[in-house]
Amino acid sequence: MKKLLFIFCFSGLFFNGKAQDIPSYSFEELEEKIITESEERALVVNFWATWCAPCIKELPYFESLTEAYAPDKLKVLLVSLDMDKERAVKFKEKKKLQSDVAYLDEVDFNKWIDKISPDWSGAIPATLMISPEGNSSFYEGEFTKEELYEQVKRFFNKTD
Amino acid sequence: MKRYVAFFSVLTLIFTISANTAKQEGYEVGDYATDFNLEGVDGKKVSLSDYEDAEGFIVIFTCNTCPYAKMYEQRIIKLHKTYADKGYPVVAINPNCSERSPGDSMSEMKKRAQEKGFGFAYLQDETQDITKAYGATNTPHVYILDKENSGKLKVAYIGTIDNNYKDADKANVHYVQDAVDALMQGNSVPETNTKAIGCTIKWKMS
């Protein structure tokens with residue numbers, strides 16, 4: 001069923017001339033995606049929204065991570081918490097985001113915030129890093145480019 | 001699905017850098033909250049001790065500019081309408097540094113309160129000392145205080161307003177209402193801690 005849905009969405013890219021859609025996930029689906037993706041390579045998950053100024057400021061740093069690392073070494077997943085998904089779709093198109101972008105379609109944040117990290121107050125930006133070994137590190141707040149690279153290096157023990 | 005939940009809960013936090021030192025401070029449910037003396041949109045200073053008849057308070061850290069705060073604005077107005085006469089008024093505090101967030105200046109706060117007919121006290125925490133003392137991290141962030149016979153204010157609930165930020169009509173768990181109703185009936189608060197997504201507080205640049 002999922003595969004069918006995937007093909008359906010994928011074919012949409014070719015027939016639909018409009019802005020490229022962003023897949024929506026329930027929290028359970030997102031959790032599953034995060035786990036699957038992190039088993040294959042280092043995964044950096046950034047929670048953001050178009051209305052969040054510090055998030056927008058740090059997004060280019062995450063984008064540059066996507067460019068700096070080979071796809072099989074490290075992946076960046078940008079999870080939009082926008083109220084209106086269309087804003088994220090337009091933003092992605094406008095900024096030509098290269099990283100994987102997902103839309104979290106949930107209204108009850110109390111239900112899932114602790115599952116990402118008990119340390120998370122619920123404010124964004126917030127970033128989760130998971131290694132293929134299953135270790136994780138959570139960071140609430142805005143990164144400078146240097147801080148982000150430093151954190152990635154320290155956590156994943158990678159140099160480029 | 002349980003497997004995933006378990007997986008997340010056993011993940012080791014190797015290190016966590018916190019950008020926000022105020023997060024470690026602040027109240028937990030059961031602590032006693034401090035009173036304050038902050039300027040409101042009517043130009044007067046407001047303290048909780050001014051409300052002699054109050055049985056408690058719904059203190060909400062909120063602001064003009066955060067999209068979530070705006071989405072909850074009508075619900076905050078309604079909470080005050082419902083509970084002020086019953087002894088639990090809303091007292092709203094804008095914690096944001098107006099230099100970093102000009103839309104949260106006192107003059108903008110006055111405009112907003114007037115346009116929307118707030119009805120409750122809307123105060124500015126210019127030094128951010130009260131915000132730090134309470135430990136608020138987001139807007140909106142609710143602290144329900146219960147006044148004891150001694151006059152001390154005990155924190156009875158910390159968290160979000162309800163479980164649907166997008167649509168008030170679709171929310172089916174109303175944390176704040178349920179907590180205040182329980183306090184009024186002398187019952188224990190059903191859920192004392194929740195988390196809500198919101199906007200980070202705009203702290204002064206140190």
# chains A, B, ... in the order shown; residues from 1 in each chain; ligands from 1
call {"tool": "residues_around", "arguments": {"residues": "range 39-53 of chain A", "least_positions_apart": "3", "cutoff": "8 Å", "atoms": "only C-alpha atoms", "output": "ChimeraX atom specification"}}
result
/A:34-36,56-57,72-82,87-88,91,124-134,156 /B:67,199
call {"tool": "residues_around", "arguments": {"residues": "Glu39 in chain B", "least_positions_apart": "5", "cutoff": "6 Å", "atoms": "only C-alpha atoms", "output": "short mmCIF file (atom, residue, chain, number, x, y, z; two decimals) with all heavy atoms, in the first residue's frame"}}
result
data_model
loop_
_atom_site.label_atom_id
_atom_site.label_comp_id
_atom_site.auth_asym_id
_atom_site.auth_seq_id
_atom_site.Cartn_x
_atom_site.Cartn_y
_atom_site.Cartn_z
N LYS B 44 -0.63 50.90 34.51
CA LYS B 44 -0.48 50.66 35.95
C LYS B 44 0.34 49.40 36.22
O LYS B 44 0.34 48.47 35.42
CB LYS B 44 -1.86 50.49 36.58
CG LYS B 44 -2.64 51.79 36.64
CD LYS B 44 -3.99 51.56 37.31
CE LYS B 44 -4.91 52.74 37.03
NZ LYS B 44 -6.31 52.34 36.90
N LYS B 45 0.99 49.44 37.37
CA LYS B 45 1.74 48.25 37.79
C LYS B 45 0.76 47.25 38.40
O LYS B 45 -0.16 47.64 39.13
CB LYS B 45 2.79 48.63 38.82
CG LYS B 45 3.89 49.51 38.24
CD LYS B 45 5.16 48.72 38.11
CE LYS B 45 6.30 49.61 37.65
NZ LYS B 45 7.57 48.89 37.58
N LEU B 123 0.77 42.21 30.87
CA LEU B 123 1.92 42.87 31.49
C LEU B 123 3.21 42.62 30.71
O LEU B 123 3.33 41.62 30.01
CB LEU B 123 2.10 42.32 32.92
CG LEU B 123 0.81 42.16 33.75
CD1 LEU B 123 1.15 41.50 35.08
CD2 LEU B 123 0.14 43.49 33.98
N GLN B 124 4.14 43.52 30.90
CA GLN B 124 5.43 43.35 30.24
C GLN B 124 6.51 43.03 31.27
O GLN B 124 6.65 43.74 32.27
CB GLN B 124 5.80 44.65 29.51
CG GLN B 124 7.05 44.49 28.66
CD GLN B 124 7.38 45.74 27.88
OE1 GLN B 124 7.28 46.84 28.40
NE2 GLN B 124 7.77 45.57 26.62
#
call {"tool": "residues_around", "arguments": {"residues": "range 103-107 of chain B", "least_positions_apart": "3", "cutoff": "8 Å", "atoms": "only C-alpha atoms", "output": "PyMOL selection string"}}
result
chain B and resi 41+63-65+94+96-99+110-111+124
call {"tool": "write_last_selection", "arguments": {"atoms": "C-alpha atoms", "output": "short mmCIF file (atom, residue, chain, number, x, y, z; two decimals), in the first residue's frame"}}
result
data_model
loop_
_atom_site.label_atom_id
_atom_site.label_comp_id
_atom_site.auth_asym_id
_atom_site.auth_seq_id
_atom_site.Cartn_x
_atom_site.Cartn_y
_atom_site.Cartn_z
CA VAL B 41 -1.20 47.92 29.11
CA CYS B 63 2.99 37.70 23.21
CA ASN B 64 1.82 39.67 20.18
CA THR B 65 4.01 38.10 17.57
CA ASN B 94 4.74 39.25 27.61
CA ASN B 96 9.89 39.02 24.95
CA CYS B 97 12.68 41.54 24.69
CA SER B 98 11.10 44.36 22.66
CA GLU B 99 14.44 45.33 21.17
CA LYS B 110 -1.54 48.27 24.11
CA LYS B 111 -2.81 48.21 20.53
CA GLN B 124 5.43 43.35 30.24
#
call {"tool": "residues_around", "arguments": {"residues": "Leu65 in chain A", "least_positions_apart": "2", "cutoff": "10 Å", "atoms": "only C-alpha atoms", "output": "list in words"}}
result
Val44, Leu59, Pro60, Tyr61, Phe62, Glu63, Glu67, Ala68, Tyr69, Ala70, Leu74, Lys75, Val76, Ser99, Lys145, Leu148, Tyr149, Val152 and Asp160 of chain A
call {"tool": "write_last_selection", "arguments": {"atoms": "C-alpha atoms", "output": "PDB file, in the first residue's frame"}}
result
ATOM      1  CA  VAL A  44      20.339  15.079  11.426  1.00  0.00           C
ATOM      2  CA  LEU A  59      18.466  26.460   7.538  1.00  0.00           C
ATOM      3  CA  PRO A  60      21.297  27.299   5.089  1.00  0.00           C
ATOM      4  CA  TYR A  61      23.763  25.663   7.497  1.00  0.00           C
ATOM      5  CA  PHE A  62      21.762  22.439   7.374  1.00  0.00           C
ATOM      6  CA  GLU A  63      21.557  22.747   3.615  1.00  0.00           C
ATOM      7  CA  GLU A  67      26.078  19.330   0.240  1.00  0.00           C
ATOM      8  CA  ALA A  68      29.170  18.659   2.340  1.00  0.00           C
ATOM      9  CA  TYR A  69      28.507  14.987   3.108  1.00  0.00           C
ATOM     10  CA  ALA A  70      27.983  12.060   0.796  1.00  0.00           C
ATOM     11  CA  LEU A  74      24.969  11.738   6.461  1.00  0.00           C
ATOM     12  CA  LYS A  75      21.444  12.826   5.785  1.00  0.00           C
ATOM     13  CA  VAL A  76      19.563  15.956   6.801  1.00  0.00           C
ATOM     14  CA  SER A  99      17.618  18.381   1.945  1.00  0.00           C
ATOM     15  CA  LYS A 145      27.308  27.356  11.281  1.00  0.00           C
ATOM     16  CA  LEU A 148      26.478  22.936  13.895  1.00  0.00           C
ATOM     17  CA  TYR A 149      29.595  21.585  12.183  1.00  0.00           C
ATOM     18  CA  VAL A 152      28.199  17.006  13.840  1.00  0.00           C
ATOM     19  CA  ASP A 160      34.210  15.912   6.402  1.00  0.00           C
TER      20      ASP A 160
END
call {"tool": "select_by_dssp", "arguments": {"residues": "range 52-86 of chain B", "states": "strand (DSSP E or B)", "output": "list in words"}}
result
Gly56, Phe57, Ile58, Val59, Ile60 and Phe61 of chain B
call {"tool": "write_last_selection", "arguments": {"atoms": "N, CA and C atoms", "output": "PDB file, in the first residue's frame"}}
result
ATOM      1  N   GLY B  56      -6.975  31.903  42.893  1.00  0.00           N
ATOM      2  CA  GLY B  56      -5.786  31.453  42.176  1.00  0.00           C
ATOM      3  C   GLY B  56      -5.652  32.251  40.896  1.00  0.00           C
ATOM      4  N   PHE B  57      -4.733  31.814  40.031  1.00  0.00           N
ATOM      5  CA  PHE B  57      -4.484  32.565  38.799  1.00  0.00           C
ATOM      6  C   PHE B  57      -4.158  31.638  37.643  1.00  0.00           C
ATOM      7  N   ILE B  58      -4.526  32.123  36.450  1.00  0.00           N
ATOM      8  CA  ILE B  58      -4.064  31.466  35.238  1.00  0.00           C
ATOM      9  C   ILE B  58      -3.028  32.430  34.646  1.00  0.00           C
ATOM     10  N   VAL B  59      -1.767  32.202  34.989  1.00  0.00           N
ATOM     11  CA  VAL B  59      -0.698  33.064  34.488  1.00  0.00           C
ATOM     12  C   VAL B  59      -0.240  32.515  33.137  1.00  0.00           C
ATOM     13  N   ILE B  60      -0.313  33.356  32.108  1.00  0.00           N
ATOM     14  CA  ILE B  60       0.063  32.887  30.760  1.00  0.00           C
ATOM     15  C   ILE B  60       1.167  33.779  30.176  1.00  0.00           C
ATOM     16  N   PHE B  61       2.302  33.168  29.905  1.00  0.00           N
ATOM     17  CA  PHE B  61       3.358  33.881  29.182  1.00  0.00           C
ATOM     18  C   PHE B  61       2.989  33.813  27.712  1.00  0.00           C
TER      19      PHE B  61
END
